[in-house]
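**Q** Sending over target31.txt (compact mmCIF, C-alpha atoms).
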```txt
# COMPACT_ATOMS: atom_id res chain seq x y z
CA ILE V 1 36.38 -29.21 73.98
CA VAL V 2 32.92 -27.83 74.66
CA LEU V 3 33.90 -24.61 72.90
CA LEU V 4 35.25 -26.55 69.90
CA MET V 5 32.05 -28.57 69.66
CA PHE V 6 30.00 -25.37 69.80
CA PHE V 7 32.13 -23.77 67.11
CA TYR V 8 31.88 -26.69 64.70
CA SER V 9 28.17 -27.12 65.27
CA ASN V 10 27.61 -23.47 64.40
CA LYS V 11 29.93 -23.73 61.41
CA LEU V 12 27.86 -26.57 60.04
CA SER V 13 24.72 -24.52 60.54
CA ILE V 14 26.22 -21.65 58.61
CA SER V 15 27.18 -23.95 55.73
CA GLU V 16 23.70 -25.35 55.65
CA ILE V 17 22.21 -21.86 55.55
CA GLU V 18 24.49 -20.90 52.66
CA ARG V 19 23.54 -24.04 50.77
CA ASN V 20 19.82 -23.41 51.26
CA TYR V 21 20.27 -19.81 50.18
CA SER V 22 22.06 -20.90 47.00
CA GLU V 23 19.34 -23.41 46.18
CA GLU V 24 16.68 -20.78 46.70
CA ASN V 25 18.49 -18.39 44.36
CA ALA V 26 18.87 -21.14 41.78
CA LEU V 27 15.12 -21.82 41.90
CA LYS V 28 14.35 -18.11 41.50
CA LEU V 29 16.78 -17.87 38.60
CA GLN V 30 15.14 -20.86 36.93
CA GLU V 31 11.69 -19.31 37.42
CA ASN V 32 12.91 -16.01 35.96
CA MET V 33 14.49 -17.79 32.99
CA THR V 34 11.24 -19.65 32.33
CA GLU V 35 9.28 -16.40 32.45
CA ILE V 36 11.74 -14.72 30.08
CA GLN V 37 11.46 -17.64 27.68
CA ASP V 38 7.66 -17.43 27.76
CA LEU V 39 7.68 -13.69 27.12
CA SER V 40 10.31 -13.79 24.37
CA LYS V 41 8.99 -16.97 22.73
CA VAL V 42 12.38 -18.65 23.00
CA ALA V 43 13.01 -22.38 23.29
CA ILE V 44 16.37 -23.90 24.22
CA VAL V 45 17.80 -27.12 22.85
CA TYR V 46 20.78 -29.05 24.16
CA LYS V 47 22.37 -31.35 21.60
CA GLU V 48 24.56 -34.19 22.77
CA PRO V 49 25.82 -37.22 20.83
CA GLU V 50 22.89 -39.18 22.28
CA GLY V 51 20.26 -36.79 20.88
CA TYR V 52 18.33 -33.56 21.49
CA ASN V 53 16.83 -32.17 24.69
CA TRP V 54 14.23 -29.42 24.25
CA THR V 55 12.65 -27.05 26.75
CA ASP V 56 8.85 -26.96 26.89
CA GLU V 57 8.64 -23.68 24.96
CA ILE V 58 9.25 -25.59 21.71
CA PHE V 59 5.80 -27.18 22.05
CA ILE V 60 4.16 -23.76 22.32
CA ILE V 61 6.12 -22.39 19.37
CA LEU V 62 5.41 -25.38 17.12
CA GLU V 63 1.83 -25.70 18.42
CA ILE V 64 2.14 -29.40 19.19
CA ALA V 65 1.12 -31.49 22.19
CA ASN V 66 3.70 -31.81 24.94
CA PRO V 67 4.67 -35.50 25.02
CA GLN V 68 5.69 -35.07 28.66
CA LYS V 69 9.20 -36.23 27.86
CA SER V 70 12.35 -34.85 26.30
CA LEU V 71 12.42 -35.21 22.53
CA SER V 72 15.58 -36.77 21.17
CA GLU V 73 14.87 -35.93 17.49
CA ASP V 74 15.45 -32.78 15.45
CA ILE V 75 11.89 -31.50 15.76
CA ILE V 76 12.71 -28.28 13.86
CA LEU V 77 13.76 -30.21 10.77
CA GLU V 78 10.58 -32.28 10.98
CA HIS V 79 8.39 -29.16 10.80
CA THR V 80 10.47 -27.21 8.27
CA VAL V 81 8.56 -26.48 5.04
CA PRO V 82 9.95 -28.25 1.94
CA GLU V 83 11.45 -25.17 0.25
CA TYR V 84 13.45 -24.34 3.41
CA LYS V 85 14.46 -27.88 4.34
CA GLU V 86 17.24 -27.96 1.74
CA LYS V 87 18.64 -24.66 3.06
CA LEU V 88 18.61 -25.97 6.63
CA LEU V 89 20.37 -29.20 5.63
CA LYS V 90 23.06 -27.19 3.82
CA HIS V 91 23.70 -25.34 7.06
CA TYR V 92 24.13 -28.66 8.83
CA GLU V 93 26.57 -29.84 6.16
CA SER V 94 28.65 -26.67 6.36
CA PHE V 95 29.67 -27.16 10.00
CA THR V 96 33.48 -27.28 10.34
CA GLU V 97 36.02 -26.88 13.11
CA PHE V 98 36.39 -23.22 12.07
CA ASN V 99 32.75 -22.44 11.40
CA LYS V 100 30.61 -23.90 14.13
CA ASP V 101 28.29 -21.14 15.31
CA TYR V 102 25.49 -19.94 13.04
CA THR V 103 22.24 -18.01 12.90
CA PHE V 104 19.49 -18.92 10.46
CA ILE V 105 15.89 -17.86 9.79
CA ASN V 106 13.83 -20.97 9.18
CA LYS V 107 10.26 -21.39 7.95
CA VAL V 108 8.10 -24.07 9.56
CA GLN V 109 4.55 -25.35 9.53
CA THR V 110 3.17 -25.87 13.01
CA GLY V 111 1.06 -28.73 14.25
CA LYS V 112 -2.02 -26.56 13.67
CA GLY V 113 -1.00 -25.85 10.09
CA ASN V 114 0.16 -22.27 10.69
CA ILE V 115 3.26 -20.91 8.98
CA LYS V 116 5.91 -19.44 11.30
CA TYR V 117 9.41 -18.05 10.97
CA LEU V 118 11.93 -19.17 13.58
CA LYS V 119 15.33 -17.69 14.30
CA LEU V 120 17.83 -20.45 15.06
CA ILE V 121 21.01 -19.58 16.98
CA VAL V 122 23.48 -22.41 17.51
CA LYS V 123 26.56 -22.25 19.74
CA PHE V 124 28.88 -25.28 19.58
CA LYS V 125 30.66 -26.58 22.66
CA GLY V 126 33.91 -27.77 21.13
CA ASP V 127 32.41 -30.73 19.34
CA ILE V 128 30.36 -30.99 16.16
CA ASN V 129 27.77 -33.15 17.90
CA SER V 130 27.45 -31.00 21.02
CA PHE V 131 25.83 -27.57 20.98
CA ILE V 132 23.31 -25.34 22.68
CA GLY V 133 20.69 -23.76 20.48
CA PHE V 134 18.07 -21.06 20.85
CA VAL V 135 14.85 -21.07 18.85
CA GLN V 136 12.90 -17.80 18.76
CA ASP V 137 9.54 -17.17 17.10
CA VAL V 138 10.16 -14.10 14.88
CA THR V 139 7.07 -14.47 12.68
CA GLU V 140 5.76 -10.98 13.47
CA ASN V 141 9.11 -9.37 12.66
CA VAL V 142 9.50 -11.29 9.39
CA ASN V 143 5.94 -10.47 8.33
CA THR V 144 6.54 -6.79 9.11
CA GLN V 145 9.75 -6.84 7.06
CA ASN V 146 7.91 -8.51 4.17
CA GLU V 147 5.19 -5.88 4.36
CA LEU V 148 7.83 -3.14 4.26
CA LYS V 149 9.48 -4.78 1.24
CA ASN V 150 6.11 -4.95 -0.52
CA THR V 151 5.44 -1.32 0.38
CA LEU V 152 8.79 -0.25 -1.07
CA LYS V 153 8.10 -2.30 -4.18
CA ASN V 154 4.65 -0.73 -4.57
CA GLN V 155 6.12 2.74 -4.06
CA SER V 156 8.69 2.03 -6.76
CA ILE V 157 5.92 0.93 -9.12
CA LEU V 158 3.89 4.00 -8.15
CA LEU V 159 6.83 6.31 -8.84
CA LYS V 160 7.22 4.83 -12.32
CA GLU V 161 3.48 5.25 -12.86
CA VAL V 162 3.67 8.89 -11.73
CA HIS V 163 6.46 9.54 -14.24
CA HIS V 164 4.39 7.86 -16.94
CA ARG V 165 1.31 9.94 -16.10
CA VAL V 166 3.24 13.20 -15.99
CA LYS V 167 4.83 12.39 -19.34
CA ASN V 168 1.44 11.63 -20.90
CA ASN V 169 -0.15 14.74 -19.39
CA LEU V 170 2.65 16.96 -20.68
CA GLN V 171 2.15 15.41 -24.11
CA ILE V 172 -1.56 16.24 -23.93
CA ILE V 173 -0.74 19.85 -22.99
CA LEU V 174 1.70 20.13 -25.92
CA SER V 175 -0.92 18.75 -28.31
CA LEU V 176 -3.53 21.20 -27.05
CA LEU V 177 -1.05 24.07 -27.36
CA ASN V 178 -0.35 23.10 -30.97
CA LEU V 179 -4.07 23.08 -31.71
CA GLU V 180 -4.54 26.44 -29.99
CA GLU V 181 -1.66 27.90 -31.96
CA ARG V 182 -3.18 26.70 -35.22
CA PHE V 183 -6.69 28.03 -34.43
CA ASN V 184 -5.80 31.21 -32.52
CA LYS V 185 -2.60 32.60 -34.01
CA ASP V 186 -3.76 36.19 -33.49
CA ASN V 187 -4.92 35.78 -29.91
CA PRO V 188 -1.98 34.55 -27.78
CA GLU V 189 -3.54 35.92 -24.59
CA ASN V 190 -6.54 33.61 -25.02
CA VAL V 191 -4.22 30.67 -25.75
CA ILE V 192 -2.34 31.26 -22.50
CA LYS V 193 -5.52 31.66 -20.47
CA GLN V 194 -7.14 28.47 -21.77
CA THR V 195 -3.91 26.51 -21.42
CA LYS V 196 -3.68 27.73 -17.84
CA SER V 197 -7.16 26.41 -17.07
CA ARG V 198 -6.33 23.00 -18.58
CA ILE V 199 -3.08 22.68 -16.66
CA SER V 200 -4.86 23.73 -13.47
CA SER V 201 -7.52 21.07 -14.08
CA MET V 202 -4.93 18.32 -14.54
CA ALA V 203 -2.80 19.47 -11.61
CA LEU V 204 -5.83 19.38 -9.32
CA ILE V 205 -6.41 15.71 -10.19
CA HIS V 206 -2.83 14.82 -9.23
CA GLU V 207 -3.10 16.84 -6.03
CA GLN V 208 -6.25 15.01 -4.94
CA VAL V 209 -4.85 11.60 -5.86
CA TYR V 210 -1.56 11.98 -4.00
CA GLN V 211 -3.23 13.41 -0.89
CA SER V 212 -5.61 10.47 -0.60
CA SER V 213 -5.05 6.91 0.64
CA ASP V 214 -6.09 5.57 -2.78
CA VAL V 215 -3.47 6.69 -5.29
CA SER V 216 -5.23 5.30 -8.35
CA HIS V 217 -8.69 6.91 -8.16
CA VAL V 218 -10.27 10.36 -8.00
CA ASN V 219 -13.54 11.17 -6.24
CA ALA V 220 -15.71 12.77 -8.95
CA ASN V 221 -17.79 14.85 -6.55
CA GLU V 222 -14.83 16.41 -4.76
CA TYR V 223 -12.80 16.94 -7.91
CA PHE V 224 -15.35 18.50 -10.27
CA LYS V 225 -16.77 20.77 -7.58
CA GLN V 226 -13.37 22.32 -6.92
CA SER V 227 -12.20 22.23 -10.53
CA LEU V 228 -15.26 23.97 -12.00
CA GLU V 229 -15.41 26.53 -9.20
CA ASN V 230 -11.78 27.41 -9.94
CA LEU V 231 -12.48 27.70 -13.66
CA PHE V 232 -15.53 29.95 -13.28
CA ASN V 233 -13.64 32.15 -10.80
CA LEU V 234 -10.78 32.43 -13.31
CA TYR V 235 -13.15 33.86 -15.94
CA SER V 236 -15.19 35.97 -13.46
CA THR V 237 -18.56 34.60 -14.63
CA GLU V 238 -20.92 36.13 -12.07
CA ASN V 239 -23.80 35.89 -14.54
CA ILE V 240 -23.58 32.09 -14.82
CA ASP V 241 -24.83 29.86 -12.02
CA LEU V 242 -22.92 26.61 -11.50
CA ASN V 243 -25.25 23.69 -10.71
CA LEU V 244 -23.68 20.33 -9.87
CA ASP V 245 -25.38 17.02 -9.14
CA ILE V 246 -22.41 14.66 -8.93
CA ASP V 247 -22.32 11.36 -7.07
CA HIS V 248 -19.29 10.28 -5.08
CA VAL V 249 -18.00 8.07 -7.87
CA ASP V 250 -14.37 6.90 -7.80
CA LEU V 251 -12.87 7.42 -11.25
CA LYS V 252 -9.66 5.72 -12.35
CA MET V 253 -6.79 8.04 -13.25
CA ASP V 254 -6.81 7.06 -16.94
CA LYS V 255 -10.50 8.02 -17.07
CA SER V 256 -10.43 11.13 -14.91
CA ILE V 257 -7.84 13.05 -16.98
CA PRO V 258 -9.65 12.99 -20.36
CA LEU V 259 -13.06 13.42 -18.68
CA SER V 260 -11.85 16.46 -16.76
CA LEU V 261 -10.54 18.04 -19.96
CA ILE V 262 -13.81 17.31 -21.80
CA ILE V 263 -15.91 18.98 -19.11
CA ASN V 264 -13.35 21.80 -18.97
CA GLU V 265 -13.81 22.38 -22.73
CA LEU V 266 -17.61 22.27 -22.45
CA ALA V 267 -17.48 24.76 -19.59
CA LEU V 268 -15.20 27.07 -21.62
CA ASN V 269 -17.64 26.81 -24.54
CA THR V 270 -20.49 27.94 -22.26
CA ILE V 271 -18.44 30.78 -20.77
CA LYS V 272 -17.33 32.11 -24.17
CA TYR V 273 -20.41 31.58 -26.37
CA ALA V 274 -23.60 30.66 -24.48
CA PHE V 275 -24.37 34.13 -23.15
CA PRO V 276 -22.96 36.66 -25.66
CA ASN V 277 -24.66 39.67 -24.06
CA ASN V 278 -23.78 38.68 -20.50
CA GLU V 279 -27.28 37.34 -19.90
CA LYS V 280 -28.11 35.45 -16.72
CA GLY V 281 -27.87 31.70 -17.16
CA SER V 282 -26.62 28.38 -15.78
CA PHE V 283 -24.10 25.63 -16.44
CA ASN V 284 -25.09 22.17 -15.21
CA VAL V 285 -23.30 18.88 -14.63
CA ILE V 286 -25.08 15.66 -13.61
CA LEU V 287 -22.91 12.59 -13.01
CA LYS V 288 -24.25 9.19 -11.94
CA GLU V 289 -22.90 5.62 -11.98
CA ILE V 290 -25.24 2.69 -12.63
CA GLU V 291 -23.89 -0.88 -12.69
CA GLY V 292 -20.36 0.21 -13.50
CA VAL V 293 -21.34 2.66 -16.25
CA VAL V 294 -20.80 6.37 -15.66
CA ASN V 295 -23.39 8.66 -17.24
CA ILE V 296 -22.80 12.40 -17.44
CA GLN V 297 -24.99 15.20 -18.70
CA VAL V 298 -23.35 18.58 -19.26
CA PHE V 299 -25.59 21.41 -20.48
CA ASP V 300 -26.38 25.14 -20.31
CA ASP V 301 -29.48 27.25 -21.04
CA GLY V 302 -27.74 29.68 -23.36
CA VAL V 303 -28.25 30.54 -27.03
CA GLY V 304 -27.53 27.00 -28.19
CA VAL V 305 -26.04 26.00 -31.55
CA PRO V 306 -27.29 26.30 -35.14
CA VAL V 307 -29.87 23.74 -36.28
CA ASP V 308 -27.46 22.20 -38.78
CA PHE V 309 -24.67 21.87 -36.22
CA ASP V 310 -22.95 18.46 -36.34
CA PHE V 311 -20.84 17.62 -33.34
CA ASN V 312 -18.75 15.05 -35.20
CA THR V 313 -17.90 17.23 -38.20
CA SER V 314 -17.47 20.57 -36.46
CA ASN V 315 -14.18 22.31 -37.27
CA SER V 316 -14.11 24.37 -34.07
CA LEU V 317 -11.13 23.94 -31.76
CA GLY V 318 -13.22 23.00 -28.72
CA MET V 319 -15.17 20.31 -30.58
CA SER V 320 -11.97 18.88 -32.12
CA ILE V 321 -10.42 18.59 -28.65
CA ILE V 322 -13.55 16.96 -27.21
CA ASN V 323 -13.81 14.41 -30.04
CA ASN V 324 -10.18 13.36 -29.58
CA LEU V 325 -10.62 13.05 -25.80
CA ILE V 326 -13.81 10.99 -26.25
CA LEU V 327 -11.77 8.46 -28.22
CA GLN V 328 -9.15 8.39 -25.47
CA LEU V 329 -11.87 7.90 -22.87
CA ASP V 330 -13.47 5.13 -24.97
CA ALA V 331 -16.84 6.78 -24.37
CA ASP V 332 -20.10 7.37 -26.24
CA LEU V 333 -21.26 10.95 -26.78
CA TYR V 334 -24.45 12.43 -28.21
CA MET V 335 -26.13 15.82 -28.10
CA LEU V 336 -29.10 16.61 -25.87
CA ASN V 337 -31.94 17.83 -28.09
CA ASP V 338 -34.64 18.42 -25.47
CA ILE V 339 -33.01 21.41 -23.76
CA LYS V 340 -33.04 25.16 -24.41
CA GLY V 341 -29.31 25.67 -24.85
CA PHE V 342 -26.48 23.27 -25.65
CA GLY V 343 -25.64 20.01 -23.94
CA VAL V 344 -24.20 16.54 -24.34
CA HIS V 345 -24.56 13.12 -22.77
CA ILE V 346 -21.40 11.05 -22.14
CA SER V 347 -21.24 7.45 -20.99
CA PHE V 348 -18.36 5.02 -20.40
CA LYS V 349 -17.47 1.95 -18.37
CA ASN V 350 -15.68 2.77 -15.12
CA ASN V 351 -13.08 -0.02 -15.22
```
Just give me the structure of the file as structure tokens.
**A**
Amino acid sequence: IVLLMFFYSNKLSISEIERNYSEENALKLQENMTEIQDLSKVAIVYKEPEGYNWTDEIFIILEIANPQKSLSEDIILEHTVPEYKEKLLKHYESFTEFNKDYTFINKVQTGKGNIKYLKLIVKFKGDINSFIGFVQDVTENVNTQNELKNTLKNQSILLKEVHHRVKNNLQIILSLLNLEERFNKDNPENVIKQTKSRISSMALIHEQVYQSSDVSHVNANEYFKQSLENLFNLYSTENIDLNLDIDHVDLKMDKSIPLSLIINELALNTIKYAFPNNEKGSFNVILKEIEGVVNIQVFDDGVGVPVDFDFNTSNSLGMSIINNLILQLDADLYMLNDIKGFGVHISFKNN
């Protein structure tokens, strides 16, 4: 009997230990679940015929005061923005015996007025009015996806714009070739060389644009320095000094193309005609922007032009090209009369 009493007393102790151990594990599991919910921004809702029971995470997600009691209402529907409320109600109406579980991205306005996106996951428990739901704050993910969609849309627009620009630039090259052919039928080598310099000038603009973070503007200082150095190296003009005073002005693409070709033509004019006996001289470009207006002076100290020279009525190829490009640039142009050689002043609005 004593042995039996000892055995049963120890058996009861063992059962008690097991029960305490299970309770301790349950508490740890609950603590871990709470921590996971906090980290993952997930709230849990239990729906019974009597109403809703929410975990405290819903108050953090919806940025509302904790009423210190279980909410029995559909708090998600209450905070859903008007344009999403109809979608959410349609989901409610579509519940059937064969289609009970669903996932839905909902848009809500929090108690602080912030807009959030919540992922709703509902698992039914055999009855339309009984389910367990999970509510996760996925605002960051949705915003990232929206940003990616906008980026793809902008890239698509940019690609179309690139095609448009390339088409226009090729048309300009064809027009210039036709003019060159008409004016220089007996000098095809010169036609090829000048066309090469124009194409190089335009290609450099595209290269700078597509390598920069701003795909719609060209930095005037960086572009004209490289472009004119390339041009003067192409023609081996050791006798002509290149002097540039160009501000870091951002030019729009539709302005930079015609302006680059104008300065290219003026530079070619200096190289070919300003110093006929290979005299020492200079080619100068000054570019400044004042209150949204770009002012450019391009001049050399060469032999100049005849006294009766009229820029607007000149029949030379270079002047014809410049006049057409000035119209495209929507700019004003006049000659500089207070210099030794030949020069012009160009101004236009940088918008």
**Q** Quick one: residues within 12 Å of Ser200 in chain V, all atoms listed in the file counted, chain neighbours fewer than 5 positions away excluded, as a PyMOL selection string?
**A** chain V and resi 169+173+193-195+205-207+223+226-231+234+257+260-261+264
**Q** Choose the residue, out of V:Lys149, V:Lys288, V:His248, V:Lys47, that has the smallest atom-to-atom separation from Ile132 in chain V; count all atoms listed in the file.
**A**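 Going through V:Lys149, V:Lys288, V:His248, V:Lys47 one by one, the smallest distance to Ile132 in chain V is for V:Lys47.
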**Q** Separation of CA of Asp338 in chain V and CA of Ser320 in chain V, in Å?
**A**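 Distance between the two atoms: 23.6 Å.
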**Q** If I take CA of Ser347 in chain V and CA of Gln328 in chain V, how far is one from the other in Å, to one decimal?
**A**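 Separation between CA of Ser347 in chain V and CA of Gln328 in chain V: 12.9 Å.
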**Q** Work out how far CA of Ile246 in chain V is from CA of Val218 in chain V, in Å to one decimal.
**A**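 CA of Val218 in chain V sits 12.9 Å away from CA of Ile246 in chain V.
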**Q** Using all atoms listed in the file, can you tell me which of V:Ile192, V:Val108, V:Ala220, V:Ile58 comes closest to Glu83 in chain V?
**A**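 Residue with the minimum atom-to-atom distance to Glu83 in chain V: V:Val108.
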**Q** I'd like the contact shell of range 136-141 of chain V - 12 Å cut-off, all atoms listed in the file, skipping same-chain residues fewer than 5 positions apart - returned as a ChimeraX atom specification.
**A** /V:36-45,57-63,76,103-110,114-122,146-148
**Q** Go through V:Val344, V:Leu329, V:Ile290, V:Leu174 one by one, measure the shortest atom-to-atom distance of each to Leu266 in chain V using all atoms listed in the file, and give the residue with the smallest value.
**A**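 Answer, going by the shortest atom-to-atom distance: V:Val344.
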**Q** Determine the nearest neighbour of Leu259 in chain V from the options V:Ile271, V:Ile240, V:Ile346, V:Ile172, counting all atoms listed in the file.
**A**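 The closest residue to Leu259 in chain V is V:Ile346.
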**Q** Would you mind telling me which residue in V:Asn219, V:Asn184, V:Ser197, V:Gln145 lies nearest to Lys255 in chain V when using all atoms listed in the file?
**A**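 Checking each candidate against Lys255 in chain V, we get V:Asn219 as the closest.
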**Q** Of the candidates V:Leu176, V:Asp74, V:Glu289, V:Ile321, which shows the shortest atom-to-atom distance to Ile199 in chain V, using all atoms listed in the file?
**A**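 The closest residue to Ile199 in chain V is V:Leu176.
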**Q** As a VMD selection string, please: the residues near Ser282 in chain V (cut-off 7 Å, only C-alpha atoms, same-chain neighbours under 3 positions excluded).
**A** chain V and resid 240 to 242 300 to 301
**Q** Excluding Asn323 in chain V and its own-chain neighbours fewer than 3 positions away, which residues fall within 12 Å of it when counting only C-alpha atoms? Please give them as a list of chain:residue names.
**A** V:Pro258, V:Leu259, V:Leu261, V:Ile262, V:Glu265, V:Leu266, V:Asp310, V:Phe311, V:Asn312, V:Thr313, V:Ser314, V:Asn315, V:Ser316, V:Leu317, V:Gly318, V:Met319, V:Ser320, V:Ile326, V:Leu327, V:Gln328, V:Leu329, V:Asp330, V:Ala331, V:Asp332, V:Leu333, V:Tyr334, V:Ile346
**Q** Distance cut-off 7 Å, centre (-25.1, 22.5, -11.0) in file coordinates, counting only C-alpha atoms: which residues qualify? Return them as a ChimeraX atom specification.
**A** /V:242-245,283-285
**Q** Contacts of Glu48 in chain V at 6 Å or less, counting only C-alpha atoms, minus same-chain residues fewer than 2 places along, as a list in words?
**A**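 So, after excluding close chain neighbours, the residues are Glu50, Gly51, Asn129 and Ser130 of chain V.
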